[in-house]
Amino acid sequence: MAHALSFYYGWVVAGNGVALSLSTRTVMAVATLSVFVVPMTQSMGWSVGMFSGAVSLGGLAAVFVSPIVGRWLDKYGAGVILGAGSFATGAIAIGLAFVAHPLAFYALYVPGRMIFSGPLEMGLPTAISNWFIRRRPVGLAVDHIAKGAGLAMVPWAMTLIITGYDWRTAWIVLGILTFALGVVPSLLLVARRPEDMGLEPDPAPVREDAASQDAEAVSDSGNSGSFAEIDFTVGQALRTRAFWILAIFSGASMMVQAGLSLHQVSHYISQGIDPRLAAISASTFALAQMPAGLFWAALARRVPIRFLMMFASFVVTLAAAGTVMSDWLLPEIISAAGIGFGVGGLHLLIRLVWADYYGRQNLGTIRGLTMSVQVGGQALGPVIAGFMFDYFDSYRIPFTFFAVAVFLAGIMAVGAKPPRAPGAE
């Protein structure tokens, strides 16, 4: 089929990602779980704190499994990992429909959240990055938009099912949806790399002698027509300065993203805004990330990616500062949109930069190592904001801290120059 198609087979891989974003990827997302909080805790007599603790524990588990999953992605390909992850997620979702004890809930949801934060968050971008080179920003933007659409539609659909039937039925529907869209297509359609199927990648970039190629001149030139791929081993990547700068940048920026997104509604309520209006900020934040993917992707082959990461960080900085000062609806919406637009850029650019800087051959293993830092940052952000709020009785201090942190991360990103090709003089 790959050779008979009139278009590049990489778009089939991207299309499978869209299907996963409408099914598997949404099941263990916080946005989806949020619609189950009230009906499950009231039905079972559980505390909200106990219920939400499963999210943090699952994220912590992903920190430890991400390096292992990364190696599996390089060895077996994303199709196997995504198919297996979808099967496990579907089974877990159906199992959650029958829980009656907190231990049973934790035994199911924690591994499900671990799969969401590790294999799924790594597998989909890795699959697209392995199939696209020249059009990699566009492929990742499609994935980014599909993810946003799924997280916008599925929680709403589950709310209708919970209202019309009950929360147990909603979990069963999620499980069936995941089995239908996530398992078989991933196993059958997603090959590891185009070369495994005798295809050229995207098409193949201009071949140049890596030993005489200055990676910074190529990647920072902004000329996609001369984009030449350079592959690093894990050891070679670890010896580059860019690796450590990008790892720290990923952890810091995702710490800010998680802290702001979880607590922004609470901040506006504490400022005296009606809870129904304050909730608009959450929707605005999510919706702004979708066009952001297209915007930053359009610039990704024209502007050096390290400068784009800096600009995206500065957008989040300004929006976070605006959030600190917002105390009525219009500034709230503008600030939430700014955070979403900047965060959307950070998500896309972080996924893009690893493949552009270090190539495809060991991308899964390299991303697995850095994903632990990124997930750790996401777990840390909400905790920092929560404890600061408890101490200062205000979100102004933690949000100011986040604004400064992401600003410094943006400055640091400029130093992440593309590493020189292995063996280059």
# chains A, B, ... in the order shown; residues from 1 in each chain; ligands from 1

$ residues_around --residues "stretch 129-134 of chain A" --least-positions-apart "2" --cutoff "6 Å" --atoms "only C-alpha atoms" --output "VMD selection string"
chain A and resid 10 125 to 127 136 193 to 194 201 to 202 360

$ residues_around --residues "A:Gly53" --least-positions-apart "5" --cutoff "12 Å" --atoms "only C-alpha atoms" --output "compact mmCIF listing (two decimals) with N, CA, C and O atoms, in the first residue's frame"
# COMPACT_ATOMS: atom_id res chain seq x y z
N VAL A 30 -5.78 14.61 32.26
CA VAL A 30 -6.41 15.29 33.39
C VAL A 30 -7.73 15.91 32.96
O VAL A 30 -8.70 15.92 33.73
N VAL A 37 -14.47 13.46 38.42
CA VAL A 37 -14.16 13.72 39.83
C VAL A 37 -15.43 13.74 40.68
O VAL A 37 -15.54 12.99 41.68
N TRP A 46 -15.42 8.96 48.26
CA TRP A 46 -13.98 9.21 48.33
C TRP A 46 -13.70 10.70 48.47
O TRP A 46 -14.51 11.55 48.08
N SER A 47 -12.53 11.04 49.00
CA SER A 47 -12.11 12.43 49.05
C SER A 47 -11.49 12.83 47.72
O SER A 47 -10.91 12.00 47.00
N VAL A 48 -11.59 14.11 47.41
CA VAL A 48 -11.02 14.61 46.16
C VAL A 48 -9.50 14.51 46.20
O VAL A 48 -8.85 14.20 45.19
N GLY A 58 1.01 8.53 39.06
CA GLY A 58 1.23 8.02 37.71
C GLY A 58 2.29 8.80 36.97
O GLY A 58 3.10 8.22 36.24
N GLY A 59 2.32 10.13 37.14
CA GLY A 59 3.36 10.94 36.52
C GLY A 59 4.73 10.61 37.06
O GLY A 59 5.72 10.57 36.31
N LEU A 60 4.80 10.35 38.37
CA LEU A 60 6.08 9.98 38.98
C LEU A 60 6.58 8.66 38.42
O LEU A 60 7.78 8.50 38.14
N PRO A 102 -10.70 2.34 46.75
CA PRO A 102 -9.62 3.23 46.33
C PRO A 102 -8.38 2.49 45.84
O PRO A 102 -7.72 2.93 44.90
N LEU A 103 -8.04 1.36 46.47
CA LEU A 103 -6.86 0.62 46.03
C LEU A 103 -7.03 0.09 44.60
O LEU A 103 -6.07 0.07 43.82
N PHE A 105 -8.86 1.55 42.32
CA PHE A 105 -8.74 2.73 41.46
C PHE A 105 -7.27 3.06 41.21
O PHE A 105 -6.85 3.30 40.08
N TYR A 106 -6.46 3.07 42.26
CA TYR A 106 -5.04 3.38 42.12
C TYR A 106 -4.33 2.30 41.30
O TYR A 106 -3.45 2.61 40.47
N TYR A 109 -5.59 3.23 37.63
CA TYR A 109 -5.35 4.55 37.05
C TYR A 109 -3.87 4.92 37.04
O TYR A 109 -3.41 5.56 36.08
N VAL A 110 -3.12 4.54 38.06
CA VAL A 110 -1.69 4.90 38.09
C VAL A 110 -0.94 4.32 36.89
O VAL A 110 -0.22 5.05 36.20
N ARG A 113 -2.10 6.31 33.81
CA ARG A 113 -1.48 7.63 33.73
C ARG A 113 -0.01 7.52 33.33
O ARG A 113 0.52 8.37 32.61
N ALA A 379 5.33 17.52 37.07
CA ALA A 379 4.84 17.08 38.37
C ALA A 379 5.17 18.11 39.45
O ALA A 379 4.43 18.26 40.43
N VAL A 383 2.78 21.46 42.47
CA VAL A 383 3.12 21.36 43.88
C VAL A 383 3.73 22.66 44.39
O VAL A 383 3.39 23.15 45.47

$ closest_residue --among "A:Gly344, A:Gly112, A:Gly338, A:Gly368" --to "A:Thr89" --atoms "only C-alpha atoms"
A:Gly112

$ residues_around --residues "stretch 31-35 of chain A" --least-positions-apart "2" --cutoff "8 Å" --atoms "only C-alpha atoms" --output "PyMOL selection string"
chain A and resi 26-29+37-39+151+154-155+158-159

$ write_last_selection --atoms "N, CA and C atoms" --output "mmCIF file, in the first residue's frame"
data_model
loop_
_atom_site.group_PDB
_atom_site.id
_atom_site.type_symbol
_atom_site.label_atom_id
_atom_site.label_comp_id
_atom_site.auth_asym_id
_atom_site.auth_seq_id
_atom_site.Cartn_x
_atom_site.Cartn_y
_atom_site.Cartn_z
ATOM 1 N N THR A 26 -6.635 10.565 25.039
ATOM 2 C CA THR A 26 -7.497 11.378 25.905
ATOM 3 C C THR A 26 -7.929 10.661 27.171
ATOM 4 N N VAL A 27 -7.842 9.334 27.190
ATOM 5 C CA VAL A 27 -8.483 8.552 28.255
ATOM 6 C C VAL A 27 -7.922 8.907 29.629
ATOM 7 N N MET A 28 -6.586 8.978 29.748
ATOM 8 C CA MET A 28 -5.972 9.225 31.046
ATOM 9 C C MET A 28 -5.499 10.669 31.215
ATOM 10 N N ALA A 29 -5.982 11.557 30.352
ATOM 11 C CA ALA A 29 -5.642 12.971 30.471
ATOM 12 C C ALA A 29 -6.382 13.595 31.648
ATOM 13 N N VAL A 37 -14.471 13.460 38.423
ATOM 14 C CA VAL A 37 -14.165 13.724 39.830
ATOM 15 C C VAL A 37 -15.428 13.736 40.685
ATOM 16 N N VAL A 38 -16.385 14.579 40.347
ATOM 17 C CA VAL A 38 -17.585 14.729 41.171
ATOM 18 C C VAL A 38 -18.429 13.452 41.190
ATOM 19 N N PRO A 39 -18.789 12.875 40.030
ATOM 20 C CA PRO A 39 -19.647 11.681 40.098
ATOM 21 C C PRO A 39 -18.989 10.495 40.794
ATOM 22 N N LEU A 151 -8.749 16.588 23.326
ATOM 23 C CA LEU A 151 -8.929 17.001 24.716
ATOM 24 C C LEU A 151 -10.085 17.977 24.879
ATOM 25 N N VAL A 154 -13.543 15.033 23.785
ATOM 26 C CA VAL A 154 -13.832 13.816 24.540
ATOM 27 C C VAL A 154 -14.375 14.113 25.943
ATOM 28 N N PRO A 155 -13.785 15.020 26.719
ATOM 29 C CA PRO A 155 -14.391 15.302 28.039
ATOM 30 C C PRO A 155 -15.836 15.772 27.931
ATOM 31 N N MET A 158 -17.958 12.746 27.232
ATOM 32 C CA MET A 158 -18.112 11.919 28.427
ATOM 33 C C MET A 158 -19.069 12.562 29.434
ATOM 34 N N THR A 159 -19.094 13.886 29.471
ATOM 35 C CA THR A 159 -20.044 14.572 30.344
ATOM 36 C C THR A 159 -21.478 14.250 29.940
#

$ closest_residue --among "A:Leu287, A:Ala421, A:Val69, A:Val80" --to "A:Phe232" --atoms "only C-alpha atoms"
A:Ala421

$ atom_distance --atom1 "atom CA of A:Phe389" --atom2 "atom CA of A:Ala405"
17.1 Å

$ closest_residue --among "A:Asn362, A:Asn16, A:Thr284, A:Gln271" --to "A:Gly235" --atoms "only C-alpha atoms"
A:Asn362

$ closest_residue --among "A:Val353, A:Leu188, A:Val343, A:Ala288" --to "A:Ala152" --atoms "only C-alpha atoms"
A:Ala288

$ closest_residue --among "A:Pro331, A:Gly85, A:Pro419, A:Gly164" --to "A:Ser117" --atoms "only C-alpha atoms"
A:Gly85

$ atom_distance --atom1 "atom CA of A:Trp72" --atom2 "atom CA of A:Met371"
14.2 Å

$ closest_residue --among "A:Gly364, A:Gly83, A:Gly386, A:Gly345" --to "A:Ala312" --atoms "only C-alpha atoms"
A:Gly345

$ residues_around --residues "A:Gly377" --least-positions-apart "2" --cutoff "7 Å" --atoms "only C-alpha atoms" --output "PyMOL selection string"
chain A and resi 251-252+254-255+373-375+379-381

$ write_last_selection --atoms "C-alpha atoms" --output "PDB file, in the first residue's frame"
ATOM      1  CA  GLY A 251      11.910  20.675  32.626  1.00  0.00           C
ATOM      2  CA  ALA A 252      11.671  24.360  33.523  1.00  0.00           C
ATOM      3  CA  MET A 254       6.916  22.349  31.472  1.00  0.00           C
ATOM      4  CA  MET A 255       7.058  23.087  35.208  1.00  0.00           C
ATOM      5  CA  VAL A 373      13.210  15.679  33.276  1.00  0.00           C
ATOM      6  CA  GLN A 374      10.187  17.051  31.422  1.00  0.00           C
ATOM      7  CA  VAL A 375       7.665  14.893  33.285  1.00  0.00           C
ATOM      8  CA  ALA A 379       4.840  17.084  38.374  1.00  0.00           C
ATOM      9  CA  LEU A 380       6.749  19.760  40.298  1.00  0.00           C
ATOM     10  CA  GLY A 381       4.953  22.864  38.965  1.00  0.00           C
TER      11      GLY A 381
END

$ residues_around --residues "A:Ile68" --least-positions-apart "3" --cutoff "12 Å" --atoms "only C-alpha atoms" --output "PyMOL selection string"
chain A and resi 61-65+71-75+81+118-119+122+364-372

$ select_by_dssp --residues "stretch 55-262 of chain A" --states "helix (DSSP H, G or I)" --output "ChimeraX atom specification"
/A:55-76,78-96,102-131,136-164,167-189,194-197,210-212,215-219,224-226,234-238,241-262

$ residues_around --residues "A:Ala320" --least-positions-apart "4" --cutoff "10 Å" --atoms "only C-alpha atoms" --output "list in words"
Val256, Gln257, Leu260, Gln264, Phe314, Val315, Val316, Val324, Met325, Ser326, Ser335, Ala336, Gly338, Ile339, Arg396, Phe399, Thr400, Phe401, Phe402, Ala403, Val404 and Val406 of chain A

$ write_last_selection --atoms "N, CA, C and O atoms" --output "tab-separated table (two decimals), in the first residue's frame"
chain	number	residue	atom	x	y	z
A	256	VAL	N	6.49	25.32	34.49
A	256	VAL	CA	5.67	26.54	34.44
A	256	VAL	C	4.32	26.25	33.79
A	256	VAL	O	3.27	26.69	34.28
A	257	GLN	N	4.33	25.49	32.69
A	257	GLN	CA	3.08	25.15	32.00
A	257	GLN	C	2.10	24.44	32.93
A	257	GLN	O	0.92	24.80	33.01
A	260	LEU	N	0.88	26.81	35.93
A	260	LEU	CA	-0.06	27.84	35.51
A	260	LEU	C	-1.40	27.25	35.10
A	260	LEU	O	-2.47	27.75	35.48
A	264	GLN	N	-4.65	28.41	37.34
A	264	GLN	CA	-5.10	29.73	36.87
A	264	GLN	C	-6.57	29.99	37.21
A	264	GLN	O	-6.93	31.12	37.58
A	314	PHE	N	9.15	33.89	26.09
A	314	PHE	CA	8.84	35.28	26.43
A	314	PHE	C	7.33	35.55	26.35
A	314	PHE	O	6.80	36.36	27.12
A	315	VAL	N	6.64	34.90	25.40
A	315	VAL	CA	5.19	35.03	25.33
A	315	VAL	C	4.55	34.53	26.63
A	315	VAL	O	3.66	35.18	27.20
A	316	VAL	N	5.01	33.37	27.10
A	316	VAL	CA	4.49	32.82	28.36
A	316	VAL	C	4.83	33.75	29.52
A	316	VAL	O	4.02	33.97	30.43
A	324	VAL	N	-0.90	37.62	36.82
A	324	VAL	CA	-0.69	38.13	38.17
A	324	VAL	C	-1.53	39.39	38.41
A	324	VAL	O	-2.10	39.59	39.48
A	325	MET	N	-1.63	40.22	37.37
A	325	MET	CA	-2.30	41.51	37.53
A	325	MET	C	-3.78	41.47	37.14
A	325	MET	O	-4.48	42.45	37.32
A	326	SER	N	-4.24	40.34	36.59
A	326	SER	CA	-5.63	40.26	36.11
A	326	SER	C	-6.61	40.14	37.27
A	326	SER	O	-6.42	39.30	38.15
A	335	SER	N	-4.76	36.99	29.00
A	335	SER	CA	-3.63	36.31	29.63
A	335	SER	C	-3.68	34.81	29.39
A	335	SER	O	-2.66	34.18	29.08
A	336	ALA	N	-4.87	34.22	29.52
A	336	ALA	CA	-5.01	32.79	29.29
A	336	ALA	C	-4.69	32.43	27.85
A	336	ALA	O	-4.03	31.42	27.57
A	338	GLY	N	-2.67	34.10	25.90
A	338	GLY	CA	-1.22	34.25	25.73
A	338	GLY	C	-0.46	33.06	26.27
A	338	GLY	O	0.49	32.58	25.64
A	339	ILE	N	-0.87	32.58	27.44
A	339	ILE	CA	-0.21	31.39	28.00
A	339	ILE	C	-0.40	30.20	27.07
A	339	ILE	O	0.54	29.46	26.77
A	396	ARG	N	-0.12	35.32	43.55
A	396	ARG	CA	0.75	36.31	42.91
A	396	ARG	C	2.22	35.91	43.01
A	396	ARG	O	2.98	36.06	42.04
A	399	PHE	N	2.98	32.75	40.70
A	399	PHE	CA	2.88	33.09	39.28
A	399	PHE	C	4.02	34.02	38.86
A	399	PHE	O	4.51	33.94	37.74
A	400	THR	N	4.44	34.89	39.78
A	400	THR	CA	5.61	35.73	39.50
A	400	THR	C	6.86	34.86	39.38
A	400	THR	O	7.71	35.07	38.50
A	401	PHE	N	6.98	33.89	40.27
A	401	PHE	CA	8.09	32.95	40.20
A	401	PHE	C	8.10	32.22	38.86
A	401	PHE	O	9.15	32.06	38.23
A	402	PHE	N	6.93	31.77	38.39
A	402	PHE	CA	6.84	31.07	37.11
A	402	PHE	C	7.25	31.99	35.96
A	402	PHE	O	7.92	31.57	35.01
A	403	ALA	N	6.83	33.26	36.02
A	403	ALA	CA	7.17	34.21	34.96
A	403	ALA	C	8.69	34.39	34.87
A	403	ALA	O	9.27	34.41	33.78
A	404	VAL	N	9.32	34.52	36.02
A	404	VAL	CA	10.78	34.68	36.04
A	404	VAL	C	11.47	33.40	35.56
A	404	VAL	O	12.44	33.46	34.78
A	406	VAL	N	10.41	30.99	33.49
A	406	VAL	CA	10.31	30.73	32.05
A	406	VAL	C	11.08	31.79	31.26
A	406	VAL	O	11.60	31.51	30.17
